[in-house]
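Undergrad: File follows, upload.txt with compact mmCIF, C-alpha atoms:
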```txt
# COMPACT_ATOMS: atom_id res chain seq x y z
CA MET A 1 82.75 118.97 106.58
CA LEU A 2 86.52 119.21 106.45
CA THR A 3 88.31 120.05 103.20
CA ILE A 4 91.92 119.01 102.77
CA GLN A 5 94.27 120.18 100.02
CA ASP A 6 96.57 117.23 99.50
CA ARG A 7 99.74 117.24 97.38
CA VAL A 8 98.94 113.79 95.92
CA TYR A 9 95.15 113.69 95.60
CA GLY A 10 94.26 117.37 95.34
CA GLU A 11 91.24 118.74 97.16
CA HIS A 12 89.26 116.25 99.21
CA THR A 13 86.33 116.89 101.54
CA PHE A 14 85.63 114.61 104.49
CA THR A 15 81.96 114.60 105.48
CA SER A 16 81.96 111.82 108.08
CA LYS A 17 81.85 113.16 111.64
CA LEU A 18 83.76 110.07 112.73
CA ILE A 19 86.67 110.85 110.41
CA ILE A 20 86.64 114.56 111.23
CA ASP A 21 86.60 113.91 114.99
CA LEU A 22 89.48 111.44 114.66
CA ILE A 23 91.52 113.91 112.61
CA ASN A 24 91.02 116.52 115.33
CA SER A 25 91.90 114.15 118.19
CA PRO A 26 95.12 114.93 120.11
CA GLN A 27 96.66 111.58 119.18
CA VAL A 28 96.25 112.16 115.43
CA GLN A 29 97.22 115.84 115.65
CA ARG A 30 100.45 114.76 117.40
CA LEU A 31 101.51 113.12 114.13
CA LYS A 32 102.07 116.59 112.65
CA GLY A 33 105.22 116.70 114.76
CA ILE A 34 106.64 113.37 113.59
CA SER A 35 108.68 112.99 110.41
CA GLN A 36 107.67 110.17 108.08
CA PHE A 37 111.30 109.51 107.14
CA GLY A 38 112.45 109.44 110.77
CA PRO A 39 115.11 112.16 110.99
CA PRO A 40 113.95 115.79 110.92
CA ASP A 41 114.54 117.64 107.66
CA LYS A 42 117.46 119.63 109.11
CA TRP A 43 119.31 116.37 109.83
CA TYR A 44 118.43 114.62 106.60
CA PHE A 45 119.54 114.74 103.00
CA LYS A 46 116.07 115.25 101.56
CA THR A 47 112.85 117.02 102.46
CA GLY A 48 110.15 114.81 103.92
CA PHE A 49 106.60 115.00 105.19
CA SER A 50 104.84 114.26 108.45
CA ARG A 51 103.10 111.11 109.64
CA PHE A 52 99.96 113.26 109.82
CA GLU A 53 100.11 114.10 106.11
CA HIS A 54 100.66 110.44 105.25
CA SER A 55 97.80 109.29 107.50
CA ILE A 56 95.40 111.79 105.93
CA GLY A 57 96.60 110.64 102.52
CA VAL A 58 95.90 106.99 103.29
CA ALA A 59 92.36 107.87 104.39
CA ILE A 60 91.80 109.88 101.20
CA LEU A 61 93.12 107.10 98.98
CA LEU A 62 90.88 104.58 100.71
CA ALA A 63 87.90 106.87 100.21
CA LYS A 64 88.70 107.25 96.51
CA LEU A 65 88.89 103.47 96.18
CA GLY A 66 85.45 103.04 97.75
CA ALA A 67 86.49 101.71 101.16
CA SER A 68 83.97 101.80 104.01
CA ILE A 69 84.08 104.53 106.64
CA GLU A 70 85.37 101.96 109.15
CA VAL A 71 88.30 101.10 106.89
CA GLN A 72 88.97 104.79 106.17
CA ALA A 73 89.08 105.40 109.93
CA THR A 74 91.49 102.50 110.40
CA GLY A 75 93.67 103.90 107.63
CA LEU A 76 93.69 107.30 109.28
CA LEU A 77 94.72 105.70 112.58
CA HIS A 78 97.19 103.10 111.33
CA ASP A 79 100.22 105.23 112.35
CA ALA A 80 98.69 106.74 115.49
CA GLY A 81 101.05 104.80 117.73
CA HIS A 82 104.20 106.00 115.99
CA THR A 83 106.98 107.24 118.20
CA ALA A 84 108.92 110.43 117.67
CA PHE A 85 111.35 110.11 114.76
CA SER A 86 109.25 107.22 113.39
CA HIS A 87 111.36 104.12 112.73
CA VAL A 88 114.48 105.53 114.41
CA ALA A 89 112.86 104.20 117.60
CA ASP A 90 113.03 100.66 116.18
CA TRP A 91 116.82 101.03 116.20
CA LEU A 92 116.65 101.93 119.90
CA PHE A 93 113.86 99.75 121.25
CA GLY A 94 113.04 97.21 118.56
CA ASN A 95 114.40 95.55 115.44
CA PRO A 96 115.64 97.70 112.53
CA GLU A 97 115.17 94.81 110.10
CA ASP A 98 111.52 94.51 111.12
CA GLU A 99 110.51 98.08 112.04
CA GLY A 100 107.43 96.73 113.78
CA LEU A 101 107.41 98.84 116.95
CA ASN A 102 104.60 101.06 115.65
CA ASP A 103 102.44 98.03 114.92
CA ARG A 104 102.83 96.92 118.53
CA LEU A 105 101.89 100.38 119.83
CA TYR A 106 98.94 100.84 117.45
CA TYR A 107 96.28 99.02 119.46
CA GLN A 108 97.48 100.49 122.74
CA THR A 109 96.99 103.95 121.21
CA ILE A 110 93.55 103.47 119.65
CA SER A 111 92.14 101.70 122.72
CA SER A 112 92.82 104.62 125.07
CA GLY A 113 92.19 108.34 125.30
CA GLU A 114 90.03 110.33 122.92
CA ILE A 115 90.43 107.98 119.97
CA SER A 116 88.84 105.16 121.94
CA SER A 117 85.96 107.41 123.00
CA ILE A 118 85.34 108.59 119.42
CA LEU A 119 85.36 105.04 118.06
CA ARG A 120 82.97 103.76 120.73
CA ARG A 121 80.57 106.67 120.18
CA ASN A 122 80.39 105.52 116.57
CA SER A 123 79.80 101.86 117.48
CA ILE A 124 83.33 100.79 116.51
CA PRO A 125 84.98 98.92 119.39
CA PRO A 126 88.76 99.42 119.11
CA SER A 127 89.11 95.63 119.18
CA SER A 128 87.22 95.41 115.86
CA ILE A 129 90.04 97.27 114.08
CA LYS A 130 92.88 95.85 116.17
CA ASN A 131 94.37 93.85 113.30
CA ILE A 132 95.10 96.18 110.40
CA THR A 133 95.84 93.24 108.12
CA ASP A 134 92.16 92.28 108.38
CA PHE A 135 91.73 95.04 105.79
CA PRO A 136 93.94 94.03 102.82
CA ILE A 137 93.06 97.20 100.91
CA LEU A 138 94.82 99.09 103.73
CA LYS A 139 97.67 96.80 104.77
CA ARG A 140 99.34 93.83 103.10
CA ASN A 141 102.82 92.50 103.66
CA ILE A 142 105.51 93.02 101.04
CA PRO A 143 105.75 92.43 98.14
CA ASN A 144 102.00 93.14 97.88
CA MET A 145 100.46 96.58 97.40
CA CYS A 146 98.27 98.38 99.91
CA ALA A 147 97.03 101.92 100.56
CA ASP A 148 99.74 102.50 103.19
CA SER A 149 102.72 101.78 100.93
CA ILE A 150 101.13 103.30 97.83
CA ASP A 151 100.57 106.62 99.59
CA TYR A 152 104.08 107.06 100.91
CA CYS A 153 105.51 106.06 97.55
CA LEU A 154 103.35 108.52 95.58
CA ARG A 155 104.03 111.25 98.14
CA GLU A 156 107.78 110.82 97.80
CA LEU A 157 107.60 110.75 94.01
CA ILE A 158 105.93 114.17 94.09
CA ILE A 159 108.56 115.51 96.49
CA ASN A 160 111.15 114.24 94.01
CA GLY A 161 109.51 116.24 91.22
CA GLN A 162 107.78 113.27 89.58
CA LYS A 163 104.16 114.35 89.83
CA GLU A 164 103.30 113.08 86.36
CA LYS A 165 104.41 109.55 87.25
CA SER A 166 102.54 109.76 90.53
CA GLN A 167 99.31 110.73 88.78
CA GLN A 168 99.74 108.07 86.10
CA ILE A 169 100.06 105.43 88.80
CA LEU A 170 97.11 106.79 90.75
CA LYS A 171 94.66 106.85 87.85
CA ASN A 172 95.36 103.19 87.03
CA LEU A 173 94.62 101.78 90.48
CA SER A 174 91.57 99.63 91.08
CA VAL A 175 90.18 97.21 93.67
CA PHE A 176 89.69 93.51 93.07
CA ASP A 177 88.77 90.96 95.74
CA GLU A 178 89.34 93.61 98.46
CA LYS A 179 92.91 94.21 97.24
CA ILE A 180 94.43 97.15 95.38
CA ILE A 181 95.58 96.16 91.92
CA PHE A 182 96.45 97.82 88.61
CA THR A 183 94.24 97.87 85.57
CA SER A 184 97.05 96.72 83.26
CA LYS A 185 100.70 95.69 83.17
CA GLU A 186 102.27 99.02 82.12
CA PRO A 187 101.31 101.12 85.18
CA ALA A 188 102.04 98.12 87.42
CA LYS A 189 105.60 98.00 86.11
CA LEU A 190 106.00 101.78 86.40
CA TYR A 191 104.93 101.67 90.04
CA ALA A 192 107.05 98.63 90.88
CA ASN A 193 110.18 100.12 89.33
CA GLU A 194 109.72 103.44 91.13
CA PHE A 195 108.91 101.79 94.46
CA ASN A 196 111.90 99.45 94.30
CA LYS A 197 114.14 102.32 93.19
CA LEU A 198 113.13 104.29 96.29
CA ASN A 199 114.01 101.29 98.42
CA ASN A 200 117.46 100.96 96.89
CA GLU A 201 118.35 104.64 96.65
CA HIS A 202 116.66 105.98 99.76
CA TRP A 203 114.99 103.70 102.32
CA THR A 204 117.87 101.20 102.54
CA GLY A 205 120.50 103.45 100.94
CA TRP A 206 123.77 104.20 102.70
CA LYS A 207 122.81 107.77 103.56
CA ALA A 208 119.63 106.74 105.37
CA VAL A 209 121.41 103.90 107.15
CA THR A 210 124.21 106.27 108.22
CA VAL A 211 121.85 108.93 109.58
CA TYR A 212 119.89 106.29 111.51
CA THR A 213 123.14 104.87 112.89
CA ILE A 214 124.27 108.28 114.14
CA MET A 215 120.87 109.02 115.67
CA LYS A 216 120.88 105.65 117.43
CA ARG A 217 124.31 106.41 118.91
CA MET A 218 123.32 109.90 119.98
CA PHE A 219 119.94 108.96 121.48
CA THR A 220 121.42 105.94 123.27
CA LEU A 221 123.90 108.27 124.97
CA ALA A 222 121.09 110.70 125.80
CA LEU A 223 119.00 107.87 127.28
CA ASP A 224 121.95 106.54 129.30
CA ASN A 225 122.55 110.01 130.75
CA ASP A 226 118.87 110.71 131.52
CA ILE A 227 118.75 113.58 129.04
CA ILE A 228 115.70 111.90 127.52
CA THR A 229 113.50 108.97 128.54
CA ARG A 230 111.64 106.34 126.57
CA GLU A 231 108.42 108.16 127.47
CA ASP A 232 109.67 111.20 125.52
CA PHE A 233 109.28 109.17 122.34
CA SER A 234 105.51 109.16 122.84
CA LYS A 235 105.60 112.92 122.17
CA THR A 236 107.04 114.75 119.14
CA ASP A 237 110.36 115.13 117.35
CA GLN A 238 110.72 118.71 118.54
CA HIS A 239 110.15 117.73 122.17
CA ILE A 240 113.23 115.49 122.03
CA LEU A 241 115.23 117.91 119.88
CA ASN A 242 114.80 120.59 122.53
CA LYS A 243 116.29 118.28 125.13
CA VAL A 244 119.30 117.08 123.15
CA TYR A 245 120.15 120.57 121.86
CA SER A 246 120.17 121.96 125.41
CA CYS A 247 122.19 119.14 126.97
CA GLN A 248 125.83 119.52 128.02
CA ILE A 249 127.26 116.33 126.56
CA PRO A 250 129.97 117.12 123.94
CA GLU A 251 129.59 113.82 122.07
CA ILE A 252 125.91 114.54 121.42
CA HIS A 253 126.70 117.97 120.02
CA GLU A 254 129.41 116.47 117.84
CA ASP A 255 126.84 114.11 116.33
CA ILE A 256 124.37 116.95 115.87
CA LYS A 257 127.03 118.88 113.94
CA ILE A 258 127.75 115.86 111.74
CA LEU A 259 124.03 115.50 110.95
CA GLU A 260 123.47 119.19 110.31
CA THR A 261 126.47 119.48 107.99
CA GLN A 262 126.01 116.01 106.45
CA THR A 263 129.70 115.28 106.91
CA TYR A 264 129.19 111.64 107.79
CA GLN A 265 131.02 108.55 106.61
CA PRO A 266 129.05 105.61 105.17
CA ALA A 267 127.84 103.12 107.77
CA GLU A 268 126.62 99.59 107.21
CA HIS A 269 123.64 98.25 109.11
CA PRO A 270 120.70 95.99 108.23
CA LYS A 271 117.49 97.92 107.59
CA LYS A 272 114.00 96.82 106.63
CA ILE A 273 113.78 96.08 102.91
CA ARG A 274 110.69 97.23 101.06
CA PHE A 275 109.93 95.99 97.57
CA CYS A 276 106.85 95.51 95.48
CA ASP A 277 105.61 92.90 93.03
CA PRO A 278 102.21 94.36 92.09
CA GLU A 279 99.20 92.55 90.70
CA PHE A 280 97.18 93.56 87.67
CA LEU A 281 94.19 92.27 85.74
CA GLN A 282 94.77 90.36 82.53
CA ASP A 283 91.86 88.59 80.84
CA GLU A 284 89.89 88.92 84.08
CA LYS A 285 92.63 87.11 85.99
CA LEU A 286 94.91 88.53 88.66
CA ILE A 287 98.57 88.34 87.61
CA LYS A 288 101.73 89.28 89.49
CA LEU A 289 104.16 91.37 87.45
CA SER A 290 107.00 88.92 88.09
CA GLN A 291 104.94 86.14 86.48
CA VAL A 292 104.94 87.80 83.07
CA ASP A 293 108.07 89.96 83.10
CA LYS A 294 111.31 87.98 83.30
CA GLU A 295 113.51 91.06 83.65
CA PHE A 296 111.48 92.27 86.61
CA ALA A 297 111.42 88.78 88.15
CA ASN A 298 115.21 88.76 88.09
CA LYS A 299 115.30 92.15 89.83
CA ILE A 300 113.07 90.78 92.58
CA LYS A 301 115.42 87.82 93.02
CA GLU A 302 118.34 90.24 93.41
CA ILE A 303 116.48 92.25 96.06
CA MET A 304 115.61 89.11 98.00
CA ALA A 305 119.11 87.58 97.76
```
What is this structure when it is put down as structure tokens?
TA:
Amino acid sequence: MLTIQDRVYGEHTFTSKLIIDLINSPQVQRLKGISQFGPPDKWYFKTGFSRFEHSIGVAILLAKLGASIEVQATGLLHDAGHTAFSHVADWLFGNPEDEGLNDRLYYQTISSGEISSILRRNSIPPSSIKNITDFPILKRNIPNMCADSIDYCLRELIINGQKEKSQQILKNLSVFDEKIIFTSKEPAKLYANEFNKLNNEHWTGWKAVTVYTIMKRMFTLALDNDIITREDFSKTDQHILNKVYSCQIPEIHEDIKILETQTYQPAEHPKKIRFCDPEFLQDEKLIKLSQVDKEFANKIKEIMA
């Protein structure tokens, strides 16, 4: 057994040897050294949490919603391929409007090393969980809800001092037709408003975009001067930080100072938009919030414009 004290879900005990072995695997443990928000706390304007904490949280949420052990394992592993600094790497090697680099590295990660061995010992070929979207309770594209996006939203609400809202949302979640839905309109609207607010004020806000822009500039210079390599991004944030802090390139240290002191000027750059239009049960029928709430529907149109 493995007991976890989680800031969102409280105390949870894993009893499955599969889950426990995966948690203890080097690839999952590496996620402790990767910031969920991308930049490390000392370079960012708010305190974050690790990809490890989020991954554990997704597995716990799936367990609470009655998902199978296979789906819980997939939820635990869904971020296992994440690079150092999370989606900052998309700005270097991928598409910042898509932020899909992790998805492309996911299968490569679970089909090699100890994770692959653990899965096969438990009669789960990595290929059987290759497509995360095969499990809609775990992963659905925006504007739909899924365990992945729900967990990082609830986790950030608690960091922002909104534990009561987080718990109100959590207790009104249910599963219908293998999808996560709300039991009624009110908690659906609460969640949607908070999720979309986080998108506007944080995830696509000017401060986040500016920090990502500076980090892209700094890491591009470090890559061009062989201070770091692309392979370094398969390790941890601190591994790369050690290299850039010890380098002798003045421009890099100037950017570090800007990040540490938060003396940056607003930058404009496209970034992946996240928004939610949750579903809830009404008279035994599944309804999207935008179908019955004109004000909210107009907000969604504004986000998508």
Undergrad: For segment 210-277 of chain A against segment 149-156 of chain A, with a cut-off of 12 Å and counting only C-alpha atoms, what is the closest atom pair and its distance in Å to one decimal for every residue that makes the cut, ordered by chain and number, as JSON lines?
TA:
```
{"residue": "A:Arg274", "atom": "CA", "partner": "A:Ser149", "partner_atom": "CA", "distance": 9.2}
{"residue": "A:Phe275", "atom": "CA", "partner": "A:Ser149", "partner_atom": "CA", "distance": 9.8}
{"residue": "A:Cys276", "atom": "CA", "partner": "A:Ser149", "partner_atom": "CA", "distance": 9.3}
```
Undergrad: Looking at A:Asp283, A:Asp226, A:Glu164, A:Asp232, which one is nearest to Ile249 of chain A, with distances taken over all atoms listed in the file?
TA: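 Checking each candidate against Ile249 of chain A, we get A:Asp226 as the closest.
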Undergrad: Have a look at A:Phe85, A:Tyr107, A:Phe37, A:Phe176 and name the one nearest to Gly66 of chain A; count all atoms listed in the file.
TA: A:Phe176
Undergrad: I'd like the neighbourhood of Glu178 of chain A as number ranges by chain, where a residue qualifies if any of its atoms comes within 8 Å (using only C-alpha atoms), though same-chain residues fewer than 4 positions away should be ignored.
TA: A: 135-137
Undergrad: Selection from above, C-alpha atoms, as an mmCIF file, in the frame of the given file, can you write it?
TA:
```
data_model
loop_
_atom_site.group_PDB
_atom_site.id
_atom_site.type_symbol
_atom_site.label_atom_id
_atom_site.label_comp_id
_atom_site.auth_asym_id
_atom_site.auth_seq_id
_atom_site.Cartn_x
_atom_site.Cartn_y
_atom_site.Cartn_z
ATOM 1 C CA PHE A 135 91.730 95.040 105.790
ATOM 2 C CA PRO A 136 93.940 94.030 102.820
ATOM 3 C CA ILE A 137 93.060 97.200 100.910
#
```
Undergrad: Dig up all the protein and nucleic acid residues within 10 Å of (87.2, 111.7, 113.8) in the file frame, using only C-alpha atoms, and format them as a compact mmCIF listing (two decimals) with C-alpha atoms, keeping the file's coordinate frame.
TA:
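Contents of point-v5.txt, freshly written:
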```txt
# COMPACT_ATOMS: atom_id res chain seq x y z
CA PHE A 14 85.63 114.61 104.49
CA SER A 16 81.96 111.82 108.08
CA LYS A 17 81.85 113.16 111.64
CA LEU A 18 83.76 110.07 112.73
CA ILE A 19 86.67 110.85 110.41
CA ILE A 20 86.64 114.56 111.23
CA ASP A 21 86.60 113.91 114.99
CA LEU A 22 89.48 111.44 114.66
CA ILE A 23 91.52 113.91 112.61
CA ASN A 24 91.02 116.52 115.33
CA SER A 25 91.90 114.15 118.19
CA VAL A 28 96.25 112.16 115.43
CA ALA A 73 89.08 105.40 109.93
CA LEU A 76 93.69 107.30 109.28
CA LEU A 77 94.72 105.70 112.58
CA GLU A 114 90.03 110.33 122.92
CA ILE A 115 90.43 107.98 119.97
CA ILE A 118 85.34 108.59 119.42
CA LEU A 119 85.36 105.04 118.06
CA ASN A 122 80.39 105.52 116.57
```
Undergrad: Please compute the atom CA of Asn196 of chain A-atom CA of Thr263 of chain A distance, one decimal, in Å.
TA: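 For atom CA of Asn196 of chain A relative to atom CA of Thr263 of chain A, the distance reads 27.0 Å.
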Undergrad: Name the closest residue to Cys146 of chain A among the candidates A:Ser35, A:Thr210, A:Thr133, A:Ser117; distances are taken between atoms, counting all atoms listed in the file.
TA: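 Closest residue, counting all atoms listed in the file: A:Thr133.
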Undergrad: Would you list the contacts of Val211 of chain A as a ChimeraX atom specification, taking every protein, DNA or RNA residue within 8 Å and counting all atoms listed in the file, but skipping same-chain residues closer than 6 positions in sequence?
TA: /A:39,43-44,259
Undergrad: For Asp293 of chain A, please output as an NGL selection string all residues within 10 Å (counting all atoms listed in the file; exclusion window: fewer than 4 positions along the same chain).
TA: :A and (185 or 189 or 288-289 or 297-298)
Undergrad: For those residues, write C-alpha atoms to a file as a CSV table (one decimal), in the frame of the given file.
TA:
```
chain,number,residue,atom,x,y,z
A,185,LYS,CA,100.7,95.7,83.2
A,189,LYS,CA,105.6,98.0,86.1
A,288,LYS,CA,101.7,89.3,89.5
A,289,LEU,CA,104.2,91.4,87.4
A,297,ALA,CA,111.4,88.8,88.2
A,298,ASN,CA,115.2,88.8,88.1
```
Undergrad: Find the residue from A:Leu2, A:Ala59, A:Asp277, A:Asn199 that sits nearest to Asn144 of chain A; use only C-alpha atoms when measuring.
TA: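 Counting only C-alpha atoms, the residue closest to Asn144 of chain A is A:Asp277.
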Undergrad: Taking 6 positions as the minimum chain separation for residues in the same chain, which residues sit within 9 Å of Tyr212 of chain A when counting all atoms listed in the file? Answer as a ChimeraX atom specification.
TA: /A:38-39,87-88,91
Undergrad: If I take atom CA of Thr183 of chain A and atom CA of Gln167 of chain A, how far is one from the other in Å, to one decimal?
TA: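 Taking atom CA of Thr183 of chain A as the start and atom CA of Gln167 of chain A as the end point, the length is 14.2 Å.
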Undergrad: Which is closest to Glu279 of chain A among A:Lys179, A:Lys257, A:Lys235, A:Pro266, if we use all atoms listed in the file?
TA: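 When distances to Glu279 of chain A are compared using all atoms listed in the file, the smallest one comes from A:Lys179.
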Undergrad: Ranking A:Gln262, A:Asn102, A:Gln238, A:Gln168 by minimum distance to Ile214 of chain A and counting all atoms listed in the file, which one comes first?
TA: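 Using all atoms listed in the file, Ile214 of chain A sits closest to A:Gln262.
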Undergrad: Which residues, written as a list in words, have at least one atom at most 10 Å from Val209 of chain A, with all atoms listed in the file counted and residues fewer than 5 positions away on the same chain left out?
TA: His202, Trp203, Thr204, Ile214, Met215, Pro266, Ala267, Glu268, His269, Pro270 and Lys271 of chain A
Undergrad: Restricting the output to C-alpha atoms, write the selected residues as a PDB file, keeping the file's coordinate frame.
TA:
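The new file again25.pdb reads:
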```pdb
ATOM      1  CA  HIS A 202     116.660 105.980  99.760  1.00  0.00           C
ATOM      2  CA  TRP A 203     114.990 103.700 102.320  1.00  0.00           C
ATOM      3  CA  THR A 204     117.870 101.200 102.540  1.00  0.00           C
ATOM      4  CA  ILE A 214     124.270 108.280 114.140  1.00  0.00           C
ATOM      5  CA  MET A 215     120.870 109.020 115.670  1.00  0.00           C
ATOM      6  CA  PRO A 266     129.050 105.610 105.170  1.00  0.00           C
ATOM      7  CA  ALA A 267     127.840 103.120 107.770  1.00  0.00           C
ATOM      8  CA  GLU A 268     126.620  99.590 107.210  1.00  0.00           C
ATOM      9  CA  HIS A 269     123.640  98.250 109.110  1.00  0.00           C
ATOM     10  CA  PRO A 270     120.700  95.990 108.230  1.00  0.00           C
ATOM     11  CA  LYS A 271     117.490  97.920 107.590  1.00  0.00           C
TER      12      LYS A 271
END
```
Undergrad: Quick check, in Å to one decimal: how far apart do atom CA of Ile56 of chain A and atom CA of Gly33 of chain A lie?
TA: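 These two atoms are separated by 14.1 Å.
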Undergrad: Is there a way to complete segment 296-304 of chain A with all heavy atoms and then write that out as a PDB file, in the coordinates of the input?
TA:
```
ATOM      1  N   PHE A 296     111.896  91.816  85.289  1.00  0.00           N
ATOM      2  CA  PHE A 296     111.480  92.270  86.610  1.00  0.00           C
ATOM      3  C   PHE A 296     111.614  91.142  87.629  1.00  0.00           C
ATOM      4  O   PHE A 296     112.029  91.374  88.770  1.00  0.00           O
ATOM      5  CB  PHE A 296     110.027  92.764  86.571  1.00  0.00           C
ATOM      6  CG  PHE A 296     109.525  93.249  87.897  1.00  0.00           C
ATOM      7  CD1 PHE A 296     109.916  94.481  88.386  1.00  0.00           C
ATOM      8  CD2 PHE A 296     108.686  92.459  88.670  1.00  0.00           C
ATOM      9  CE1 PHE A 296     109.479  94.924  89.625  1.00  0.00           C
ATOM     10  CE2 PHE A 296     108.247  92.892  89.904  1.00  0.00           C
ATOM     11  CZ  PHE A 296     108.639  94.127  90.384  1.00  0.00           C
ATOM     12  N   ALA A 297     111.284  89.933  87.243  1.00  0.00           N
ATOM     13  CA  ALA A 297     111.420  88.780  88.150  1.00  0.00           C
ATOM     14  C   ALA A 297     112.857  88.625  88.614  1.00  0.00           C
ATOM     15  O   ALA A 297     113.120  88.325  89.784  1.00  0.00           O
ATOM     16  CB  ALA A 297     110.944  87.517  87.446  1.00  0.00           C
ATOM     17  N   ASN A 298     113.795  88.864  87.718  1.00  0.00           N
ATOM     18  CA  ASN A 298     115.210  88.760  88.090  1.00  0.00           C
ATOM     19  C   ASN A 298     115.613  89.854  89.068  1.00  0.00           C
ATOM     20  O   ASN A 298     116.428  89.631  89.979  1.00  0.00           O
ATOM     21  CB  ASN A 298     116.083  88.831  86.834  1.00  0.00           C
ATOM     22  CG  ASN A 298     116.002  87.567  85.986  1.00  0.00           C
ATOM     23  OD1 ASN A 298     115.723  86.484  86.505  1.00  0.00           O
ATOM     24  ND2 ASN A 298     116.214  87.701  84.683  1.00  0.00           N
ATOM     25  N   LYS A 299     115.024  91.056  88.888  1.00  0.00           N
ATOM     26  CA  LYS A 299     115.300  92.150  89.830  1.00  0.00           C
ATOM     27  C   LYS A 299     114.797  91.799  91.228  1.00  0.00           C
ATOM     28  O   LYS A 299     115.454  92.100  92.232  1.00  0.00           O
ATOM     29  CB  LYS A 299     114.643  93.442  89.339  1.00  0.00           C
ATOM     30  CG  LYS A 299     115.320  94.054  88.117  1.00  0.00           C
ATOM     31  CD  LYS A 299     114.615  95.344  87.729  1.00  0.00           C
ATOM     32  CE  LYS A 299     115.281  95.983  86.506  1.00  0.00           C
ATOM     33  NZ  LYS A 299     114.585  97.234  86.098  1.00  0.00           N
ATOM     34  N   ILE A 300     113.631  91.179  91.286  1.00  0.00           N
ATOM     35  CA  ILE A 300     113.070  90.780  92.580  1.00  0.00           C
ATOM     36  C   ILE A 300     113.980  89.758  93.259  1.00  0.00           C
ATOM     37  O   ILE A 300     114.226  89.820  94.466  1.00  0.00           O
ATOM     38  CB  ILE A 300     111.643  90.189  92.410  1.00  0.00           C
ATOM     39  CG1 ILE A 300     110.662  91.288  91.992  1.00  0.00           C
ATOM     40  CG2 ILE A 300     111.174  89.520  93.684  1.00  0.00           C
ATOM     41  CD1 ILE A 300     110.431  92.348  93.033  1.00  0.00           C
ATOM     42  N   LYS A 301     114.499  88.822  92.474  1.00  0.00           N
ATOM     43  CA  LYS A 301     115.420  87.820  93.020  1.00  0.00           C
ATOM     44  C   LYS A 301     116.667  88.487  93.594  1.00  0.00           C
ATOM     45  O   LYS A 301     117.179  88.079  94.642  1.00  0.00           O
ATOM     46  CB  LYS A 301     115.799  86.818  91.959  1.00  0.00           C
ATOM     47  CG  LYS A 301     114.680  85.868  91.558  1.00  0.00           C
ATOM     48  CD  LYS A 301     115.139  84.903  90.447  1.00  0.00           C
ATOM     49  CE  LYS A 301     113.994  83.992  90.022  1.00  0.00           C
ATOM     50  NZ  LYS A 301     114.412  83.085  88.912  1.00  0.00           N
ATOM     51  N   GLU A 302     117.163  89.518  92.927  1.00  0.00           N
ATOM     52  CA  GLU A 302     118.340  90.240  93.410  1.00  0.00           C
ATOM     53  C   GLU A 302     118.054  90.948  94.722  1.00  0.00           C
ATOM     54  O   GLU A 302     118.887  90.952  95.640  1.00  0.00           O
ATOM     55  CB  GLU A 302     118.793  91.264  92.355  1.00  0.00           C
ATOM     56  CG  GLU A 302     119.387  90.656  91.087  1.00  0.00           C
ATOM     57  CD  GLU A 302     119.690  91.694  90.043  1.00  0.00           C
ATOM     58  OE1 GLU A 302     119.592  92.904  90.360  1.00  0.00           O
ATOM     59  OE2 GLU A 302     120.042  91.322  88.906  1.00  0.00           O
ATOM     60  N   ILE A 303     116.861  91.548  94.828  1.00  0.00           N
ATOM     61  CA  ILE A 303     116.480  92.250  96.060  1.00  0.00           C
ATOM     62  C   ILE A 303     116.391  91.270  97.216  1.00  0.00           C
ATOM     63  O   ILE A 303     116.834  91.555  98.338  1.00  0.00           O
ATOM     64  CB  ILE A 303     115.132  92.981  95.874  1.00  0.00           C
ATOM     65  CG1 ILE A 303     115.291  94.129  94.867  1.00  0.00           C
ATOM     66  CG2 ILE A 303     114.629  93.535  97.216  1.00  0.00           C
ATOM     67  CD1 ILE A 303     113.977  94.790  94.496  1.00  0.00           C
ATOM     68  N   MET A 304     115.849  90.093  96.954  1.00  0.00           N
ATOM     69  CA  MET A 304     115.610  89.110  98.000  1.00  0.00           C
ATOM     70  C   MET A 304     116.866  88.317  98.370  1.00  0.00           C
ATOM     71  O   MET A 304     116.894  87.648  99.407  1.00  0.00           O
ATOM     72  CB  MET A 304     114.508  88.145  97.567  1.00  0.00           C
ATOM     73  CG  MET A 304     113.163  88.797  97.375  1.00  0.00           C
ATOM     74  SD  MET A 304     111.894  87.623  96.791  1.00  0.00           S
ATOM     75  CE  MET A 304     111.738  86.575  98.236  1.00  0.00           C
TER      76      MET A 304
END
```
